[in-house]
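Structure data follow from protein.cif (mmCIF, C-alpha atoms):
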```cif
data_work
loop_
_atom_site.label_atom_id
_atom_site.label_comp_id
_atom_site.auth_asym_id
_atom_site.auth_seq_id
_atom_site.Cartn_x
_atom_site.Cartn_y
_atom_site.Cartn_z
CA MET A 3 -24.19 -1.24 -5.80
CA ASN A 4 -26.12 -4.52 -6.18
CA GLU A 5 -26.31 -3.95 -9.94
CA LEU A 6 -22.56 -3.30 -10.09
CA GLN A 7 -21.84 -6.46 -8.11
CA ASN A 8 -23.52 -8.51 -10.83
CA LYS A 9 -21.40 -6.93 -13.55
CA THR A 10 -17.80 -7.52 -14.58
CA ASP A 11 -15.38 -4.85 -13.36
CA LEU A 12 -13.57 -3.73 -16.52
CA LEU A 13 -10.66 -2.17 -14.63
CA SER A 14 -9.90 -5.50 -12.96
CA LEU A 15 -9.47 -7.30 -16.28
CA THR A 16 -6.18 -8.24 -17.91
CA PRO A 17 -5.93 -7.58 -21.66
CA GLU A 18 -6.61 -11.27 -22.29
CA GLU A 19 -9.67 -11.28 -20.02
CA LEU A 20 -10.94 -8.13 -21.73
CA GLU A 21 -10.54 -9.81 -25.12
CA ALA A 22 -12.63 -12.74 -23.92
CA LEU A 23 -15.33 -10.38 -22.68
CA VAL A 24 -15.64 -8.38 -25.90
CA VAL A 25 -15.77 -11.59 -27.94
CA SER A 26 -18.50 -12.93 -25.63
CA VAL A 27 -20.77 -9.97 -26.50
CA GLY A 28 -20.22 -10.46 -30.22
CA GLU A 29 -17.47 -7.90 -30.81
CA PRO A 30 -14.12 -8.53 -32.56
CA LYS A 31 -11.14 -9.26 -30.32
CA TYR A 32 -9.28 -6.10 -31.35
CA ARG A 33 -11.82 -3.98 -29.47
CA ALA A 34 -9.94 -4.89 -26.29
CA SER A 35 -6.81 -3.13 -27.54
CA GLN A 36 -8.91 -0.02 -28.17
CA ILE A 37 -10.47 -0.07 -24.71
CA PHE A 38 -7.72 -1.21 -22.33
CA PRO A 39 -5.35 1.79 -22.64
CA GLN A 40 -8.19 4.27 -22.24
CA LEU A 41 -9.56 2.58 -19.15
CA HIS A 42 -6.13 2.95 -17.57
CA ARG A 43 -6.15 6.66 -18.35
CA GLY A 44 -9.45 7.05 -16.54
CA VAL A 45 -11.61 7.36 -19.67
CA SER A 46 -15.07 5.85 -19.16
CA LEU A 47 -16.81 3.80 -21.83
CA ASP A 48 -19.22 6.68 -22.44
CA GLU A 49 -16.29 9.03 -23.09
CA MET A 50 -14.47 6.77 -25.53
CA THR A 51 -14.58 8.06 -29.11
CA ASN A 52 -12.92 5.11 -30.85
CA ILE A 53 -15.75 2.64 -30.24
CA GLY A 54 -19.34 2.93 -31.41
CA LYS A 55 -22.55 3.33 -29.45
CA ALA A 56 -23.68 -0.24 -30.14
CA THR A 57 -20.41 -1.65 -28.75
CA LYS A 58 -20.72 0.51 -25.64
CA GLU A 59 -24.27 -0.66 -25.02
CA LYS A 60 -23.29 -4.32 -25.31
CA LEU A 61 -20.46 -3.88 -22.81
CA LEU A 62 -22.43 -1.74 -20.37
CA ALA A 63 -25.08 -4.46 -20.22
CA VAL A 64 -22.59 -6.90 -18.69
CA ALA A 65 -19.75 -4.75 -17.33
CA SER A 66 -19.01 -1.57 -15.42
CA CYS A 67 -16.06 0.69 -14.75
CA HIS A 68 -16.06 2.84 -11.65
CA ILE A 69 -13.06 5.09 -11.02
CA PRO A 70 -12.95 6.17 -7.35
CA THR A 71 -14.33 9.67 -6.90
CA VAL A 72 -12.63 12.40 -4.88
CA LYS A 73 -14.59 12.81 -1.65
CA ARG A 74 -12.00 15.10 -0.09
CA ARG A 75 -8.68 16.52 -1.22
CA LEU A 76 -6.18 18.08 1.16
CA ILE A 77 -3.06 19.86 -0.09
CA SER A 78 -0.16 20.52 2.25
CA ALA A 79 1.00 24.14 2.39
CA VAL A 80 4.33 22.81 3.68
CA ASP A 81 5.46 20.53 0.85
CA GLY A 82 2.60 20.15 -1.62
CA THR A 83 1.72 16.59 -0.58
CA VAL A 84 -1.84 15.78 -1.68
CA LYS A 85 -4.07 13.52 0.41
CA TYR A 86 -7.20 12.02 -1.14
CA LEU A 87 -10.23 10.46 0.46
CA PHE A 88 -11.60 8.36 -2.39
CA GLU A 89 -15.17 7.08 -2.42
CA LEU A 90 -15.72 3.66 -3.96
CA ALA A 91 -18.80 2.46 -5.85
CA ASP A 92 -20.39 1.03 -2.68
CA GLY A 93 -19.90 4.24 -0.66
CA ASN A 94 -16.91 2.98 1.32
CA CYS A 95 -13.89 5.28 1.46
CA VAL A 96 -10.13 4.73 1.30
CA GLU A 97 -7.15 7.05 1.39
CA SER A 98 -4.33 7.70 -1.05
CA VAL A 99 -1.47 10.18 -0.80
CA VAL A 100 0.53 11.68 -3.67
CA MET A 101 4.06 12.74 -2.74
CA GLU A 102 6.50 14.65 -4.93
CA TYR A 103 10.16 13.69 -4.98
CA LEU A 104 13.02 14.77 -7.22
CA HIS A 105 12.43 11.73 -9.43
CA GLY A 106 8.69 12.42 -9.84
CA LEU A 107 5.34 11.63 -8.23
CA THR A 108 4.72 8.61 -6.02
CA VAL A 109 1.28 7.56 -4.81
CA CYS A 110 0.67 5.68 -1.59
CA ILE A 111 -2.46 3.54 -1.98
CA SER A 112 -4.75 1.48 0.25
CA SER A 113 -5.31 -2.25 -0.21
CA GLN A 114 -8.37 -2.81 1.98
CA VAL A 115 -11.28 -0.90 3.48
CA GLY A 116 -10.07 -0.96 7.07
CA CYS A 117 -7.61 -3.51 8.43
CA ARG A 118 -7.79 -6.52 10.73
CA MET A 119 -4.13 -6.64 11.77
CA GLY A 120 -4.79 -4.61 14.94
CA CYS A 121 -1.45 -2.76 15.22
CA ALA A 122 -1.80 -0.58 18.33
CA PHE A 123 -0.24 2.56 16.82
CA CYS A 124 -2.23 2.61 13.55
CA ALA A 125 -5.45 4.53 12.85
CA SER A 126 -6.27 2.31 9.84
CA THR A 127 -7.11 -0.71 11.97
CA ILE A 128 -9.59 1.03 14.29
CA GLY A 129 -12.96 -0.53 13.51
CA GLY A 130 -11.38 -3.53 11.82
CA ARG A 131 -11.53 -4.71 8.22
CA VAL A 132 -14.66 -4.03 6.18
CA ARG A 133 -13.60 -5.73 2.94
CA ASP A 134 -10.78 -6.27 0.46
CA LEU A 135 -10.32 -3.99 -2.52
CA THR A 136 -10.56 -5.51 -5.98
CA ALA A 137 -7.66 -5.28 -8.41
CA GLY A 138 -9.65 -2.60 -10.24
CA GLU A 139 -10.15 -0.56 -7.07
CA LEU A 140 -6.43 -0.75 -6.34
CA LEU A 141 -5.66 0.38 -9.88
CA GLY A 142 -8.44 2.95 -9.71
CA GLN A 143 -6.65 4.88 -6.98
CA VAL A 144 -3.61 5.31 -9.21
CA VAL A 145 -5.77 6.23 -12.21
CA ALA A 146 -7.88 8.72 -10.25
CA ALA A 147 -4.88 10.38 -8.59
CA GLN A 148 -2.99 10.68 -11.86
CA ARG A 149 -6.01 12.12 -13.63
CA ASP A 150 -6.69 14.62 -10.84
CA MET A 151 -3.04 15.69 -10.58
CA GLY A 152 -2.72 16.07 -14.35
CA LYS A 153 0.76 14.58 -14.12
CA ARG A 154 2.24 11.13 -14.61
CA ILE A 155 2.69 9.06 -11.48
CA SER A 156 5.87 7.02 -11.73
CA GLY A 157 6.01 5.26 -8.35
CA ILE A 158 3.68 3.35 -6.04
CA VAL A 159 3.90 2.61 -2.33
CA MET A 160 1.44 0.06 -0.95
CA MET A 161 1.50 1.43 2.57
CA GLY A 162 -2.00 2.90 2.96
CA ILE A 163 -5.02 1.41 4.71
CA GLY A 164 -4.95 -2.39 4.97
CA GLU A 165 -2.41 -5.20 4.83
CA PRO A 166 -1.57 -5.89 1.16
CA LEU A 167 -0.65 -9.54 1.69
CA ASP A 168 -3.97 -10.13 3.47
CA ASN A 169 -5.56 -9.32 0.08
CA TYR A 170 -3.02 -11.41 -1.78
CA ASP A 171 -4.70 -12.43 -5.05
CA ASN A 172 -6.13 -8.98 -5.82
CA VAL A 173 -2.82 -7.29 -5.01
CA ILE A 174 -0.81 -9.62 -7.26
CA LYS A 175 -3.24 -9.05 -10.11
CA PHE A 176 -3.06 -5.29 -9.55
CA LEU A 177 0.75 -5.33 -9.68
CA ARG A 178 0.69 -7.08 -13.04
CA LEU A 179 -2.00 -4.70 -14.35
CA VAL A 180 -0.25 -1.50 -13.32
CA ASN A 181 3.01 -2.74 -14.85
CA ASP A 182 1.40 -3.66 -18.20
CA GLU A 183 2.98 -1.64 -21.01
CA ARG A 184 -0.44 -1.24 -22.64
CA GLY A 185 -1.70 0.62 -19.57
CA ILE A 186 -0.05 2.85 -16.96
CA CYS A 187 3.22 0.90 -17.24
CA ILE A 188 4.86 1.64 -13.88
CA GLY A 189 8.05 -0.39 -13.47
CA TYR A 190 8.13 -3.03 -10.74
CA ARG A 191 11.32 -1.50 -9.35
CA HIS A 192 9.34 1.68 -8.68
CA ILE A 193 6.79 -0.19 -6.56
CA SER A 194 7.13 -0.87 -2.84
CA LEU A 195 4.86 -3.20 -0.87
CA SER A 196 4.70 -2.94 2.92
CA SER A 197 3.67 -5.91 5.09
CA CYS A 198 3.34 -6.42 8.84
CA GLY A 199 4.82 -9.87 8.34
CA LEU A 200 2.52 -12.62 7.03
CA VAL A 201 5.22 -15.26 6.66
CA ASP A 202 3.28 -17.66 4.44
CA LYS A 203 2.41 -14.87 2.02
CA ILE A 204 6.00 -13.55 1.95
CA ASP A 205 7.10 -17.01 0.84
CA ARG A 206 4.43 -17.01 -1.87
CA LEU A 207 5.43 -13.53 -3.01
CA ALA A 208 9.02 -14.68 -3.43
CA GLY A 209 7.86 -17.06 -6.15
CA GLU A 210 5.84 -14.52 -8.18
CA ASP A 211 8.81 -13.15 -10.14
CA LEU A 212 7.88 -9.56 -9.29
CA PRO A 213 11.02 -7.44 -8.71
CA ILE A 214 9.25 -5.01 -6.37
CA THR A 215 10.70 -3.71 -3.10
CA LEU A 216 9.38 -5.47 0.00
CA SER A 217 9.13 -3.40 3.18
CA ILE A 218 8.60 -5.16 6.50
CA SER A 219 6.90 -3.38 9.40
CA LEU A 220 9.09 -4.71 12.20
CA HIS A 221 8.75 -2.12 15.00
CA ALA A 222 10.40 -4.24 17.72
CA PRO A 223 13.45 -6.48 18.17
CA ASP A 224 11.84 -9.17 20.35
CA ASP A 225 8.59 -11.11 20.62
CA ALA A 226 7.43 -9.62 23.92
CA THR A 227 7.68 -6.04 22.71
CA ARG A 228 6.34 -6.76 19.22
CA SER A 229 3.39 -8.87 20.36
CA ALA A 230 2.28 -6.06 22.68
CA ILE A 231 1.85 -3.65 19.76
CA MET A 232 1.39 -6.02 16.80
CA PRO A 233 -0.99 -9.00 17.29
CA VAL A 234 0.32 -10.66 14.10
CA ASN A 235 3.51 -11.45 16.01
CA ARG A 236 1.61 -13.98 18.14
CA LYS A 237 1.30 -16.11 15.00
CA TYR A 238 4.54 -15.22 13.24
CA GLY A 239 7.29 -14.31 15.72
CA VAL A 240 10.32 -12.15 15.00
CA ASP A 241 12.62 -15.09 14.25
CA ALA A 242 10.13 -16.72 11.85
CA LEU A 243 9.61 -13.39 10.10
CA LEU A 244 13.32 -12.71 9.64
CA ASP A 245 13.85 -16.26 8.41
CA ALA A 246 11.21 -15.57 5.74
CA CYS A 247 12.97 -12.33 4.83
CA ARG A 248 16.22 -14.20 4.36
CA ARG A 249 14.50 -16.76 2.12
CA TYR A 250 12.89 -13.93 0.13
CA TYR A 251 16.23 -12.21 -0.46
CA ASN A 252 18.00 -15.46 -1.35
CA ARG A 253 15.35 -16.28 -3.93
CA THR A 254 14.75 -12.82 -5.43
CA GLY A 255 17.99 -10.91 -4.81
CA ARG A 256 15.82 -7.90 -3.91
CA ARG A 257 16.75 -5.73 -0.93
CA ILE A 258 14.23 -5.62 1.93
CA SER A 259 13.56 -2.44 3.86
CA PHE A 260 12.59 -2.65 7.52
CA GLU A 261 10.21 -0.07 8.97
CA TYR A 262 10.53 0.69 12.65
CA THR A 263 8.00 3.04 14.26
CA LEU A 264 9.57 4.65 17.31
CA ILE A 265 7.18 4.96 20.26
CA ALA A 266 8.30 6.82 23.37
CA GLY A 267 8.78 4.45 26.28
CA LYS A 268 7.84 1.34 24.27
CA ASN A 269 10.58 0.49 21.77
CA ASP A 270 12.89 3.52 21.53
CA SER A 271 15.59 2.92 24.17
CA GLN A 272 19.27 2.27 23.55
CA LYS A 273 18.67 -1.30 24.74
CA HIS A 274 16.04 -1.71 22.05
CA ALA A 275 18.46 -0.36 19.44
CA GLU A 276 21.19 -2.74 20.58
CA ALA A 277 18.78 -5.67 20.56
CA LEU A 278 17.52 -4.74 17.09
CA ALA A 279 21.03 -4.54 15.66
CA ALA A 280 22.00 -7.86 17.25
CA LYS A 281 18.84 -9.59 16.01
CA LEU A 282 19.11 -8.34 12.43
CA ASN A 283 22.80 -9.19 12.19
CA SER A 284 22.43 -12.64 13.73
CA LYS A 285 19.38 -13.68 11.68
CA LEU A 286 20.21 -12.08 8.34
CA ARG A 287 24.01 -12.21 8.41
CA PRO A 288 24.74 -15.38 10.42
CA LYS A 289 27.98 -16.06 8.55
CA ARG A 290 28.83 -12.41 7.96
CA GLU A 291 27.11 -12.45 4.57
CA SER A 292 26.60 -9.15 2.78
CA PHE A 293 22.83 -9.12 3.32
CA PRO A 294 21.82 -5.47 2.73
CA ILE A 295 19.92 -4.22 5.79
CA HIS A 296 18.19 -0.85 5.81
CA VAL A 297 16.04 0.33 8.72
CA ASN A 298 13.64 3.20 8.13
CA LEU A 299 12.94 4.87 11.47
CA ILE A 300 9.50 6.48 11.77
CA PRO A 301 8.57 8.61 14.79
CA VAL A 302 5.03 7.46 15.64
CA ASN A 303 2.11 9.47 14.27
CA ALA A 304 -0.23 11.01 16.83
CA VAL A 305 -3.41 8.89 16.96
CA ALA A 306 -5.74 9.95 19.76
CA GLU A 307 -7.01 6.42 20.43
CA SER A 308 -3.51 4.94 20.91
CA GLY A 309 -2.14 7.36 23.49
CA PHE A 310 1.36 6.89 22.04
CA SER A 311 3.80 9.76 21.62
CA GLN A 312 6.97 10.44 19.66
CA PRO A 313 10.41 10.15 21.28
CA ALA A 314 12.55 13.27 21.56
CA LYS A 315 14.61 14.06 18.47
CA ALA A 316 17.79 13.31 20.39
CA ALA A 317 16.51 9.81 21.21
CA VAL A 318 15.70 9.19 17.53
CA SER A 319 19.17 10.34 16.48
CA SER A 320 20.83 8.17 19.13
CA PHE A 321 18.81 5.13 18.01
CA ALA A 322 19.88 5.65 14.40
CA ALA A 323 23.51 6.21 15.38
CA LEU A 324 23.67 2.97 17.36
CA LEU A 325 22.30 0.98 14.40
CA GLU A 326 24.86 2.58 12.09
CA LYS A 327 27.62 1.75 14.56
CA ASN A 328 26.61 -1.90 14.27
CA GLY A 329 26.76 -1.93 10.48
CA ILE A 330 23.08 -1.34 9.80
CA ARG A 331 22.07 1.52 7.53
CA ALA A 332 19.43 3.65 9.23
CA THR A 333 17.47 6.67 8.05
CA VAL A 334 14.76 8.73 9.71
CA ARG A 335 11.72 9.10 7.49
CA ARG A 336 10.93 12.66 6.49
CA THR A 337 7.41 13.64 7.52
CA LEU A 338 5.41 14.66 4.46
CA GLY A 339 2.19 16.66 4.66
CA PRO A 340 2.39 17.32 8.42
CA ASP A 341 -0.37 19.94 8.23
CA ILE A 342 -2.88 17.57 6.56
CA ASN A 343 -2.38 14.39 8.63
CA ALA A 344 -0.93 12.65 5.60
CA SER A 345 -0.38 9.40 7.51
CA CYS A 346 -2.99 6.80 6.59
CA GLY A 347 -6.30 6.10 8.29
CA GLN A 348 -7.07 9.39 9.96
CA LEU A 349 -9.09 11.02 7.17
CA ARG A 350 -11.23 7.91 6.64
CA ARG A 351 -11.70 7.64 10.41
CA ALA A 352 -12.96 11.23 10.59
CA GLU A 353 -15.33 10.64 7.65
CA SER A 354 -16.71 7.48 9.28
CA ALA A 355 -17.31 9.32 12.55
CA LYS A 356 -19.14 12.08 10.67
CA LYS A 357 -21.31 9.47 8.92
CA ASP A 358 -22.09 7.74 12.24
CA GLU A 359 -23.23 11.06 13.72
CA LYS A 360 -25.63 11.60 10.80
CA ASP A 361 -27.06 8.10 11.22
CA GLU A 362 -27.85 8.61 14.90
#
```

Do you think you could lay out the structure here as structure tokens?
Amino acid sequence: MNELQNKTDLLSLTPEELEALVVSVGEPKYRASQIFPQLHRGVSLDEMTNIGKATKEKLLAVASCHIPTVKRRLISAVDGTVKYLFELADGNCVESVVMEYLHGLTVCISSQVGCRMGCAFCASTIGGRVRDLTAGELLGQVVAAQRDMGKRISGIVMMGIGEPLDNYDNVIKFLRLVNDERGICIGYRHISLSSCGLVDKIDRLAGEDLPITLSISLHAPDDATRSAIMPVNRKYGVDALLDACRRYYNRTGRRISFEYTLIAGKNDSQKHAEALAAKLNSKLRPKRESFPIHVNLIPVNAVAESGFSQPAKAAVSSFAALLEKNGIRATVRRTLGPDINASCGQLRRAESAKKDEKDE
């Protein structure tokens, strides 16, 4: 890995940066247009047939391209969802999940190795954050999944391991790369980014001119409840977060989706539903504006270390009904890949535990 660290990551380069690199090794600028599309299809320099051996040797002396390798692949017998444990060049692992919908394939990717946000219900944060992923490693998950599936991926959800806005610069660069028409060319409107609520970064994102869908992991209607399960709330409270959401919508015109993980006995009562509806309406529609509010209800995933459990189905239905009664659209997320633990963090956690046992 030390050798790779001293080399330029080709998959992280924009077309313009790639042009500068090929010129720097004495090659004509047009070589970049030969290389860029193939990199984004998962073709290594060695495999490329439209550039000569001498060109390859010059580039390999200063650059590298590592597509994540499939460490494990789990396929759901229930709905065909595919969960990948990808190994990166340094041996670290991240998870990605490919889900099939009527409109095509969507991949859920990770943005960091581990996570430092500390949400109590999430397996991804156990053990903390190891490091950020580069733009190329973010893109590599899409490339590797698409190549392995043998089908075009047309949508991306940034809801895997890590907090995307905690890896801001690499994530923004990745979004521009994956949208580039010379590469994979996935439309911004088919990309969703999920954040636990880093207010300063939400404000920055609003100015990037990226018409993606922003999803906010809210999970509680008040500071006391949210701070108990989401440490980030101690820095950015519910009111500050919703104010940022309102600014984001006013500037971009893009609808925001709110994720709400329902945890039995913690945030799933009728009082919580009433408080959530009142808070969202008062903060986002203070003058009865037509701010589009959509809450995605998610019964909590079973994570042994958390001790949390899902509410009864009747409680979930009642929660959704009360939100709808108060003018807030609410849906209950369909569980995909239930037989393969398709929710993020658990496969990497198991692999890390296995590695720790070997090291002992």

Legend entry - Among listed residues A:Arg253, A:Arg131, A:Arg118, A:Arg228, nearest Arg206 (chain A) (using all atoms listed in the file):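 Of A:Arg253, A:Arg131, A:Arg118, A:Arg228, the one nearest Arg206 (chain A), counting all atoms listed in the file, is A:Arg253.
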
Legend entry - 9 Å contact set for Gly164 (chain A), all atoms listed in the file, chain neighbours under 3 positions out, as a ChimeraX atom specification: /A:112-119,126-127,131,134,161,167-169

Inset, instruction - Skip Val25 (chain A) itself and residues of its chain fewer than 5 positions away, then list as a PyMOL selection string all residues within 12 Å of it, counting all atoms listed in the file. - result: chain A and resi 18-20+30-34+57+60-61

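Here the question is which of A:Ala246, A:Ala146, A:Val180, A:Leu216 gets nearest to Phe260 (chain A) using only C-alpha atoms, and that residue is A:Leu216.
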
Inset, instruction - Tell me, as a list in words, which residues lie within 12 Å of Leu244 (chain A), counting all atoms listed in the file; anything in the same chain fewer than 6 positions away does not count. - result: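 Answer for this query is Cys198, Gly199, Leu200, Val201, Ile204, Asp205, Ile218, Ser219, Leu220, Pro223, Asp224, Asn235, Tyr238, Tyr250, Tyr251, Ile258, Ser259, Phe260, Leu278, Lys281, Leu282, Asn283, Ser284, Lys285, Leu286, Arg287, Pro288, Phe293 and Ile295 of chain A.
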
Restricted to C-alpha atoms, what would the selected residues look like written as a PDB file, in the frame of the given file?
```pdb
ATOM      1  CA  CYS A 198       3.340  -6.420   8.840  1.00  0.00           C
ATOM      2  CA  GLY A 199       4.820  -9.870   8.340  1.00  0.00           C
ATOM      3  CA  LEU A 200       2.520 -12.620   7.030  1.00  0.00           C
ATOM      4  CA  VAL A 201       5.220 -15.260   6.660  1.00  0.00           C
ATOM      5  CA  ILE A 204       6.000 -13.550   1.950  1.00  0.00           C
ATOM      6  CA  ASP A 205       7.100 -17.010   0.840  1.00  0.00           C
ATOM      7  CA  ILE A 218       8.600  -5.160   6.500  1.00  0.00           C
ATOM      8  CA  SER A 219       6.900  -3.380   9.400  1.00  0.00           C
ATOM      9  CA  LEU A 220       9.090  -4.710  12.200  1.00  0.00           C
ATOM     10  CA  PRO A 223      13.450  -6.480  18.170  1.00  0.00           C
ATOM     11  CA  ASP A 224      11.840  -9.170  20.350  1.00  0.00           C
ATOM     12  CA  ASN A 235       3.510 -11.450  16.010  1.00  0.00           C
ATOM     13  CA  TYR A 238       4.540 -15.220  13.240  1.00  0.00           C
ATOM     14  CA  TYR A 250      12.890 -13.930   0.130  1.00  0.00           C
ATOM     15  CA  TYR A 251      16.230 -12.210  -0.460  1.00  0.00           C
ATOM     16  CA  ILE A 258      14.230  -5.620   1.930  1.00  0.00           C
ATOM     17  CA  SER A 259      13.560  -2.440   3.860  1.00  0.00           C
ATOM     18  CA  PHE A 260      12.590  -2.650   7.520  1.00  0.00           C
ATOM     19  CA  LEU A 278      17.520  -4.740  17.090  1.00  0.00           C
ATOM     20  CA  LYS A 281      18.840  -9.590  16.010  1.00  0.00           C
ATOM     21  CA  LEU A 282      19.110  -8.340  12.430  1.00  0.00           C
ATOM     22  CA  ASN A 283      22.800  -9.190  12.190  1.00  0.00           C
ATOM     23  CA  SER A 284      22.430 -12.640  13.730  1.00  0.00           C
ATOM     24  CA  LYS A 285      19.380 -13.680  11.680  1.00  0.00           C
ATOM     25  CA  LEU A 286      20.210 -12.080   8.340  1.00  0.00           C
ATOM     26  CA  ARG A 287      24.010 -12.210   8.410  1.00  0.00           C
ATOM     27  CA  PRO A 288      24.740 -15.380  10.420  1.00  0.00           C
ATOM     28  CA  PHE A 293      22.830  -9.120   3.320  1.00  0.00           C
ATOM     29  CA  ILE A 295      19.920  -4.220   5.790  1.00  0.00           C
TER      30      ILE A 295
END
```

Legend entry - Polymer residues at most 7 Å from Tyr262 (chain A), all atoms listed in the file, same-chain spacing of 4 or more positions, as a list in words: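 Selected residues are Ser219, Leu220, His221, Val297, Asn298, Leu299 and Ile300 of chain A.
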
Legend entry - Given all atoms listed in the file as the counted atoms, nearest of A:Gly82, A:Leu207, A:Leu179, A:Arg336 to Arg249 (chain A):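 With all atoms listed in the file as the atom set, the closest residue is A:Leu207.
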
Inset, instruction - Extract, using all atoms listed in the file, all DNA, RNA and protein residues at most 12 Å from Pro17 (chain A), discarding same-chain residues fewer than 3 positions from it, and format them as JSON, numbers by chain. - result: {"A": [12, 13, 14, 20, 21, 22, 23, 24, 31, 32, 33, 34, 35, 36, 37, 38, 39, 41, 42, 175, 178, 179, 180, 182, 183, 184, 185]}

Inset, instruction - Could you tell me which residues the PyMOL selection byres ((chain A and resi 74) around 8) grabs in this file, written as a list in words? - result: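 Checked against the file, the PyMOL selection byres ((chain A and resi 74) around 8) matches Val72, Lys73, Arg75, Leu76, Tyr86, Leu87 and Phe88 of chain A.
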
Inset, instruction - I would like the residues chosen by the PyMOL selection byres ((chain A and resi 321) around 9) on the shown file; could you give them as a PyMOL selection string? - result: chain A and resi 270-272+274-276+299+316-320+322-326+332

Since we have the selection now, will you write its residues out, keeping C-alpha atoms, as a PDB file, keeping the file's coordinate frame?
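Resulting contents of selection.pdb:
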```pdb
ATOM      1  CA  ASP A 270      12.890   3.520  21.530  1.00  0.00           C
ATOM      2  CA  SER A 271      15.590   2.920  24.170  1.00  0.00           C
ATOM      3  CA  GLN A 272      19.270   2.270  23.550  1.00  0.00           C
ATOM      4  CA  HIS A 274      16.040  -1.710  22.050  1.00  0.00           C
ATOM      5  CA  ALA A 275      18.460  -0.360  19.440  1.00  0.00           C
ATOM      6  CA  GLU A 276      21.190  -2.740  20.580  1.00  0.00           C
ATOM      7  CA  LEU A 299      12.940   4.870  11.470  1.00  0.00           C
ATOM      8  CA  ALA A 316      17.790  13.310  20.390  1.00  0.00           C
ATOM      9  CA  ALA A 317      16.510   9.810  21.210  1.00  0.00           C
ATOM     10  CA  VAL A 318      15.700   9.190  17.530  1.00  0.00           C
ATOM     11  CA  SER A 319      19.170  10.340  16.480  1.00  0.00           C
ATOM     12  CA  SER A 320      20.830   8.170  19.130  1.00  0.00           C
ATOM     13  CA  ALA A 322      19.880   5.650  14.400  1.00  0.00           C
ATOM     14  CA  ALA A 323      23.510   6.210  15.380  1.00  0.00           C
ATOM     15  CA  LEU A 324      23.670   2.970  17.360  1.00  0.00           C
ATOM     16  CA  LEU A 325      22.300   0.980  14.400  1.00  0.00           C
ATOM     17  CA  GLU A 326      24.860   2.580  12.090  1.00  0.00           C
ATOM     18  CA  ALA A 332      19.430   3.650   9.230  1.00  0.00           C
TER      19      ALA A 332
END
```

Legend entry - CA of Glu59 (chain A) to CA of Ser26 (chain A), straight-line distance in Å: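 Atom-to-atom, CA of Ser26 (chain A) to CA of Glu59 (chain A), that is 13.6 Å.
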